Number of protein chains: 2
Amino acid sequence: MTKRAVILLSGGLDSATCLAWARAQGFECATLAVDYGQRHRVELEAARRVAAALGSADHRTVRIDLSTIGGSALTADIAVPKGRDEAAMAAAIPITYVPARNAVFLAVALGFAETLGAADLVAGMNAIDYSGYPDCRPEFVRAFESLARVATKAGVEGTPYVVHTPLMDLDKAGIIRLGTSLGVDYSITHSCYDPTPEGLACGACDSCALRSRGFQQAGIPDPTRYQSPTEA
Amino acid sequence: MTKRAVILLSGGLDSATCLAWARAQGFECATLAVDYGQRHRVELEAARRVAAALGSADHRTVRIDLSTIGGSALTADIAVPKGRDEAAMAAAIPITYVPARNAVFLAVALGFAETLGAADLVAGMNAIDYSGYPDCRPEFVRAFESLARVATKAGVEGTPYVVHTPLMDLDKAGIIRLGTSLGVDYSITHSCYDPTPEGLACGACDSCALRSRGFQQAGIPDPTRYQSPTEA
């Protein structure tokens, strides 16, 4: 029987690569996008495009209104930082950090996996480009696996939940090379934290900067549609 | 400085008792109700009443549409079991189990706690009356505390998150005695899984049965408004 996996899909470059990776591993893939009151809602449309293009068998969008509890530039009325260099990004946990976001998202993915009879979760956490986010580290992923096995009926009955993080040790260029080798069309993905209403990328937020530099370093043309010309 | 705590408040008897307990411990209490697509939505109104009556300093209702991922009689179109005795309830994990529900709720409560600078979470898990739910056991609670300390900025910076479960070892009668001693007015709480549109309790679902028997065993009059007369 084909093993099922649940992939957290944001519509961005990283999670699209995760879905392509999971498909290449032979998993039947269900995908979960989270509408968490983020300001960059065009990413939910991107998630649907990516799910369709990369062969998700079952795509769901679940609404979790994290803006109710506030605390992040991605959900509250706090300005998104622009034009920061790598040193500035690495210096501290950024204000785009959403409190306990990955714990919430993985917990919902776990519930979805349990209803599908899937034991495998796939998520795009990455310890290099997101070193400032506590919930993107291997310690967090291992702690979540331990939780999953005691938090669910299936876990208690012996389902050995695993959270796969195929991007954990890759830099952005490495992720782009991996996805390109798996046939991902990055033009349908969306990364910008502060896009125009039409979905054009700002080219200046941390997410745009990491993405643009990744394509440069990978030596692969950047298909992103930017608001104004950039060096990419 | 007064320590803050976040209390998960369902509007039911158990979580109302938790809030009263936390207030008696001296915590400044923020309360979080989760609108998760449950069929018994009158409990969200009950949560607001309980928060106001028992002195929550900040009550929020966060919408998490778990019905998107299905899998439970509380969120999907599956009949709620009625008229079961204790043996039937204890025999298996009930279909009112919502996949990974407490992992999701505690993760959101953790995010709320982090934005408030609170290190303490309080939840009504109970190993006796809910022995069928994997995410109501001490193993689950300990695993969540471990997760919390690596999942958040505050945890990584040393906040020693604790999940208090003051009801863990009490039976329903013990919970009712505790709450009554702390001044809880249980007439404003709601427990029924399948109420009338007016909010009257069905008197027959597992939750009504446990509640009704709890008042009987505690020797305290049951203030619940039932749909039709019961032996309570």
# chains A, B, ... in the order shown; residues from 1 in each chain; ligands from 1

call {"tool": "interface_residues", "arguments": {"of": "chain B", "to": "chain A", "cutoff": "6 Å", "atoms": "only C-alpha atoms", "output": "list in words"}}
result
Val62, Arg63, Ile64, Asp65, Thr68, Ile69, Gly71, Pro99, Ala100, Ala103, Val104, Ala107, Gly111, Phe112, Thr115, Pro134, Asp135, Phe140, Ala143, Leu147, Val150, Ala151, Thr152 and Lys153 of chain B

call {"tool": "write_last_selection", "arguments": {"atoms": "C-alpha atoms", "output": "PDB file, in the first residue's frame"}}
result
ATOM      1  CA  VAL B  62      -9.687  32.122  18.511  1.00  0.00           C
ATOM      2  CA  ARG B  63     -11.186  30.464  15.459  1.00  0.00           C
ATOM      3  CA  ILE B  64      -9.549  27.213  14.342  1.00  0.00           C
ATOM      4  CA  ASP B  65     -11.638  25.421  11.805  1.00  0.00           C
ATOM      5  CA  THR B  68     -11.762  21.202   7.618  1.00  0.00           C
ATOM      6  CA  ILE B  69      -9.792  18.119   8.585  1.00  0.00           C
ATOM      7  CA  GLY B  71     -12.580  12.992  11.923  1.00  0.00           C
ATOM      8  CA  PRO B  99      -7.662  14.312  16.415  1.00  0.00           C
ATOM      9  CA  ALA B 100      -4.794  16.066  18.191  1.00  0.00           C
ATOM     10  CA  ALA B 103      -2.032  19.573  21.082  1.00  0.00           C
ATOM     11  CA  VAL B 104      -3.609  22.222  18.842  1.00  0.00           C
ATOM     12  CA  ALA B 107      -0.052  25.240  21.058  1.00  0.00           C
ATOM     13  CA  GLY B 111       1.496  31.396  21.496  1.00  0.00           C
ATOM     14  CA  PHE B 112      -0.924  33.575  23.494  1.00  0.00           C
ATOM     15  CA  THR B 115       2.741  37.349  23.621  1.00  0.00           C
ATOM     16  CA  PRO B 134      -4.813  10.077  24.790  1.00  0.00           C
ATOM     17  CA  ASP B 135      -4.268  13.835  25.041  1.00  0.00           C
ATOM     18  CA  PHE B 140       0.927  14.132  27.032  1.00  0.00           C
ATOM     19  CA  ALA B 143       5.632  16.044  26.417  1.00  0.00           C
ATOM     20  CA  LEU B 147       7.920  21.029  23.383  1.00  0.00           C
ATOM     21  CA  VAL B 150      12.032  24.543  22.542  1.00  0.00           C
ATOM     22  CA  ALA B 151       9.141  25.816  20.386  1.00  0.00           C
ATOM     23  CA  THR B 152       9.157  29.444  21.449  1.00  0.00           C
ATOM     24  CA  LYS B 153      11.455  32.429  21.634  1.00  0.00           C
TER      25      LYS B 153
END

call {"tool": "select_by_dssp", "arguments": {"residues": "stretch 132-228 of chain B", "states": "helix (DSSP H, G or I)", "output": "PyMOL selection string"}}
result
chain B and resi 134-136+138-151+153-156+172-181+186-188+206-218

call {"tool": "write_last_selection", "arguments": {"atoms": "C-alpha atoms", "output": "CSV table (one decimal), in the first residue's frame"}}
result
chain,number,residue,atom,x,y,z
B,134,PRO,CA,-4.8,10.1,24.8
B,135,ASP,CA,-4.3,13.8,25.0
B,136,CYS,CA,-5.7,14.0,28.6
B,138,PRO,CA,0.1,13.2,32.2
B,139,GLU,CA,2.5,11.8,29.6
B,140,PHE,CA,0.9,14.1,27.0
B,141,VAL,CA,1.1,17.1,29.4
B,142,ARG,CA,4.8,16.5,30.1
B,143,ALA,CA,5.6,16.0,26.4
B,144,PHE,CA,3.9,19.3,25.7
B,145,GLU,CA,5.9,21.2,28.3
B,146,SER,CA,9.1,19.8,26.8
B,147,LEU,CA,7.9,21.0,23.4
B,148,ALA,CA,7.0,24.5,24.7
B,149,ARG,CA,10.5,25.1,26.0
B,150,VAL,CA,12.0,24.5,22.5
B,151,ALA,CA,9.1,25.8,20.4
B,153,LYS,CA,11.5,32.4,21.6
B,154,ALA,CA,10.6,32.8,25.3
B,155,GLY,CA,11.2,29.1,26.0
B,156,VAL,CA,14.6,29.2,24.3
B,172,LYS,CA,-16.2,14.7,38.4
B,173,ALA,CA,-17.6,14.9,41.9
B,174,GLY,CA,-14.2,16.0,43.2
B,175,ILE,CA,-14.0,18.7,40.5
B,176,ILE,CA,-17.5,19.9,41.4
B,177,ARG,CA,-16.6,20.0,45.1
B,178,LEU,CA,-13.3,21.9,44.3
B,179,GLY,CA,-15.1,24.5,42.2
B,180,THR,CA,-18.0,24.9,44.6
B,181,SER,CA,-15.4,25.6,47.4
B,186,TYR,CA,-22.0,26.0,37.6
B,187,SER,CA,-25.3,27.2,36.3
B,188,ILE,CA,-23.5,29.4,33.8
B,206,ASP,CA,-21.5,11.1,27.6
B,207,SER,CA,-20.7,14.6,28.8
B,208,CYS,CA,-24.2,15.1,30.3
B,209,ALA,CA,-24.1,11.7,31.9
B,210,LEU,CA,-20.7,12.4,33.5
B,211,ARG,CA,-21.8,15.8,34.7
B,212,SER,CA,-25.1,14.7,36.1
B,213,ARG,CA,-23.5,11.8,38.0
B,214,GLY,CA,-20.8,14.2,39.3
B,215,PHE,CA,-23.4,16.4,41.0
B,216,GLN,CA,-25.2,13.4,42.4
B,217,GLN,CA,-22.0,11.9,43.8
B,218,ALA,CA,-20.9,15.3,45.2

call {"tool": "atom_distance", "arguments": {"atom1": "atom CA of B:Leu8", "atom2": "atom CA of A:Ala123"}}
result
27.4 Å

call {"tool": "atom_distance", "arguments": {"atom1": "atom CA of A:Asp194", "atom2": "atom CA of A:Ala53"}}
result
24.4 Å

call {"tool": "residues_around", "arguments": {"residues": "stretch 160-170 of chain A", "least_positions_apart": "3", "cutoff": "6 Å", "atoms": "only C-alpha atoms", "output": "ChimeraX atom specification"}}
result
/A:119-127,174-175

call {"tool": "closest_residue", "arguments": {"among": "A:Ala51, A:Ala118, A:Leu44, A:Cys205", "to": "A:Met1", "atoms": "only C-alpha atoms"}}
result
A:Ala118

call {"tool": "atom_distance", "arguments": {"atom1": "atom CA of A:Cys18", "atom2": "atom CA of A:Gly158"}}
result
25.6 Å

call {"tool": "residues_around", "arguments": {"residues": "B:Gly55", "least_positions_apart": "2", "cutoff": "10 Å", "atoms": "only C-alpha atoms", "output": "JSON, numbers by chain"}}
result
{"B": [19, 20, 23, 28, 29, 30, 31, 50, 51, 52, 53, 57, 58, 59]}

call {"tool": "residues_around", "arguments": {"residues": "stretch 198-203 of chain A", "least_positions_apart": "3", "cutoff": "7 Å", "atoms": "only C-alpha atoms", "output": "list of chain:residue names"}}
result
A:Val42, A:Cys192, A:Asp194, A:Pro195, A:Cys208, A:Ala209, A:Arg225, A:Tyr226, A:Gln227, A:Thr230

call {"tool": "write_last_selection", "arguments": {"atoms": "C-alpha atoms", "output": "short mmCIF file (atom, residue, chain, number, x, y, z; two decimals), in the first residue's frame"}}
result
data_model
loop_
_atom_site.label_atom_id
_atom_site.label_comp_id
_atom_site.auth_asym_id
_atom_site.auth_seq_id
_atom_site.Cartn_x
_atom_site.Cartn_y
_atom_site.Cartn_z
CA VAL A 42 -1.78 35.67 -1.79
CA CYS A 192 7.20 37.88 -0.06
CA ASP A 194 4.65 42.31 1.98
CA PRO A 195 3.37 41.86 -1.60
CA CYS A 208 12.51 38.35 -0.75
CA ALA A 209 16.17 38.99 0.03
CA ARG A 225 7.70 38.84 -10.35
CA TYR A 226 8.96 41.85 -8.40
CA GLN A 227 7.19 45.13 -7.76
CA THR A 230 16.01 44.47 -8.51
#

call {"tool": "select_by_dssp", "arguments": {"residues": "chain A", "states": "strand (DSSP E)", "output": "ChimeraX atom specification"}}
result
/A:4-8,28-35,58-63,120-122,162-164

call {"tool": "write_last_selection", "arguments": {"atoms": "C-alpha atoms", "output": "short mmCIF file (atom, residue, chain, number, x, y, z; two decimals), in the first residue's frame"}}
result
data_model
loop_
_atom_site.label_atom_id
_atom_site.label_comp_id
_atom_site.auth_asym_id
_atom_site.auth_seq_id
_atom_site.Cartn_x
_atom_site.Cartn_y
_atom_site.Cartn_z
CA ARG A 4 0.48 8.64 2.92
CA ALA A 5 2.15 11.82 4.10
CA VAL A 6 0.82 15.24 5.08
CA ILE A 7 2.85 18.18 3.79
CA LEU A 8 2.51 21.66 5.27
CA GLU A 28 0.78 9.76 -1.57
CA CYS A 29 0.64 13.39 -0.50
CA ALA A 30 -2.10 15.33 1.22
CA THR A 31 -1.34 19.03 1.66
CA LEU A 32 -2.40 21.49 4.31
CA ALA A 33 -2.27 25.25 4.00
CA VAL A 34 -2.98 27.39 7.03
CA ASP A 35 -4.90 30.63 6.74
CA ASP A 58 -5.99 16.14 -1.15
CA HIS A 59 -5.40 19.84 -0.48
CA ARG A 60 -7.07 21.56 2.45
CA THR A 61 -6.90 25.11 3.75
CA VAL A 62 -7.57 25.39 7.46
CA ARG A 63 -8.39 28.73 9.05
CA ASP A 120 4.55 10.94 8.05
CA LEU A 121 4.55 14.73 8.19
CA VAL A 122 6.76 16.86 5.97
CA VAL A 162 7.93 11.09 11.90
CA VAL A 163 8.36 14.74 10.95
CA HIS A 164 10.53 14.90 7.82
#

call {"tool": "decode", "arguments": {"residues": "stretch 113-135 of chain A", "atoms": "N, CA and C atoms", "output": "compact mmCIF listing (two decimals), in the first residue's frame"}}
result
# COMPACT_ATOMS: atom_id res chain seq x y z
N ALA A 113 -3.24 14.18 9.65
CA ALA A 113 -2.58 12.89 9.39
C ALA A 113 -3.32 11.76 10.08
N GLU A 114 -3.75 12.01 11.31
CA GLU A 114 -4.46 10.94 12.03
C GLU A 114 -5.76 10.56 11.32
N THR A 115 -6.50 11.54 10.83
CA THR A 115 -7.76 11.21 10.14
C THR A 115 -7.49 10.46 8.83
N LEU A 116 -6.32 10.68 8.21
CA LEU A 116 -5.98 10.03 6.94
C LEU A 116 -5.26 8.70 7.13
N GLY A 117 -4.86 8.39 8.37
CA GLY A 117 -4.05 7.20 8.59
C GLY A 117 -2.61 7.37 8.10
N ALA A 118 -2.13 8.60 8.09
CA ALA A 118 -0.75 8.87 7.68
C ALA A 118 0.15 8.96 8.91
N ALA A 119 1.37 8.45 8.80
CA ALA A 119 2.32 8.51 9.91
C ALA A 119 3.43 9.51 9.65
N ASP A 120 3.44 10.07 8.44
CA ASP A 120 4.55 10.94 8.05
C ASP A 120 4.08 12.37 7.80
N LEU A 121 4.80 13.30 8.42
CA LEU A 121 4.55 14.73 8.19
C LEU A 121 5.80 15.29 7.53
N VAL A 122 5.61 16.24 6.65
CA VAL A 122 6.76 16.86 5.97
C VAL A 122 6.61 18.37 6.10
N ALA A 123 7.68 19.02 6.56
CA ALA A 123 7.61 20.47 6.74
C ALA A 123 8.95 21.10 6.37
N GLY A 124 8.89 22.36 5.98
CA GLY A 124 10.04 23.01 5.38
C GLY A 124 10.98 23.72 6.34
N MET A 125 11.01 23.28 7.59
CA MET A 125 11.90 23.94 8.53
C MET A 125 13.34 23.86 8.06
N ASN A 126 14.07 24.91 8.41
CA ASN A 126 15.41 25.07 7.89
C ASN A 126 16.23 25.81 8.93
N ALA A 127 17.32 25.18 9.35
CA ALA A 127 18.10 25.73 10.46
C ALA A 127 19.07 26.81 10.00
N ILE A 128 19.27 26.95 8.70
CA ILE A 128 20.30 27.88 8.21
C ILE A 128 19.71 29.27 7.98
N ASP A 129 18.79 29.36 7.01
CA ASP A 129 18.25 30.68 6.70
C ASP A 129 17.33 31.20 7.80
N TYR A 130 16.77 30.29 8.62
CA TYR A 130 15.86 30.73 9.66
C TYR A 130 16.42 30.43 11.04
N SER A 131 17.71 30.69 11.20
CA SER A 131 18.35 30.38 12.47
C SER A 131 17.74 31.18 13.61
N GLY A 132 17.06 32.28 13.27
CA GLY A 132 16.46 33.10 14.32
C GLY A 132 15.15 32.55 14.87
N TYR A 133 14.55 31.57 14.19
CA TYR A 133 13.26 31.04 14.62
C TYR A 133 13.48 29.78 15.46
N PRO A 134 13.08 29.81 16.74
CA PRO A 134 13.31 28.63 17.59
C PRO A 134 12.61 27.38 17.06
N ASP A 135 11.45 27.57 16.43
CA ASP A 135 10.68 26.41 15.99
C ASP A 135 11.06 25.92 14.59
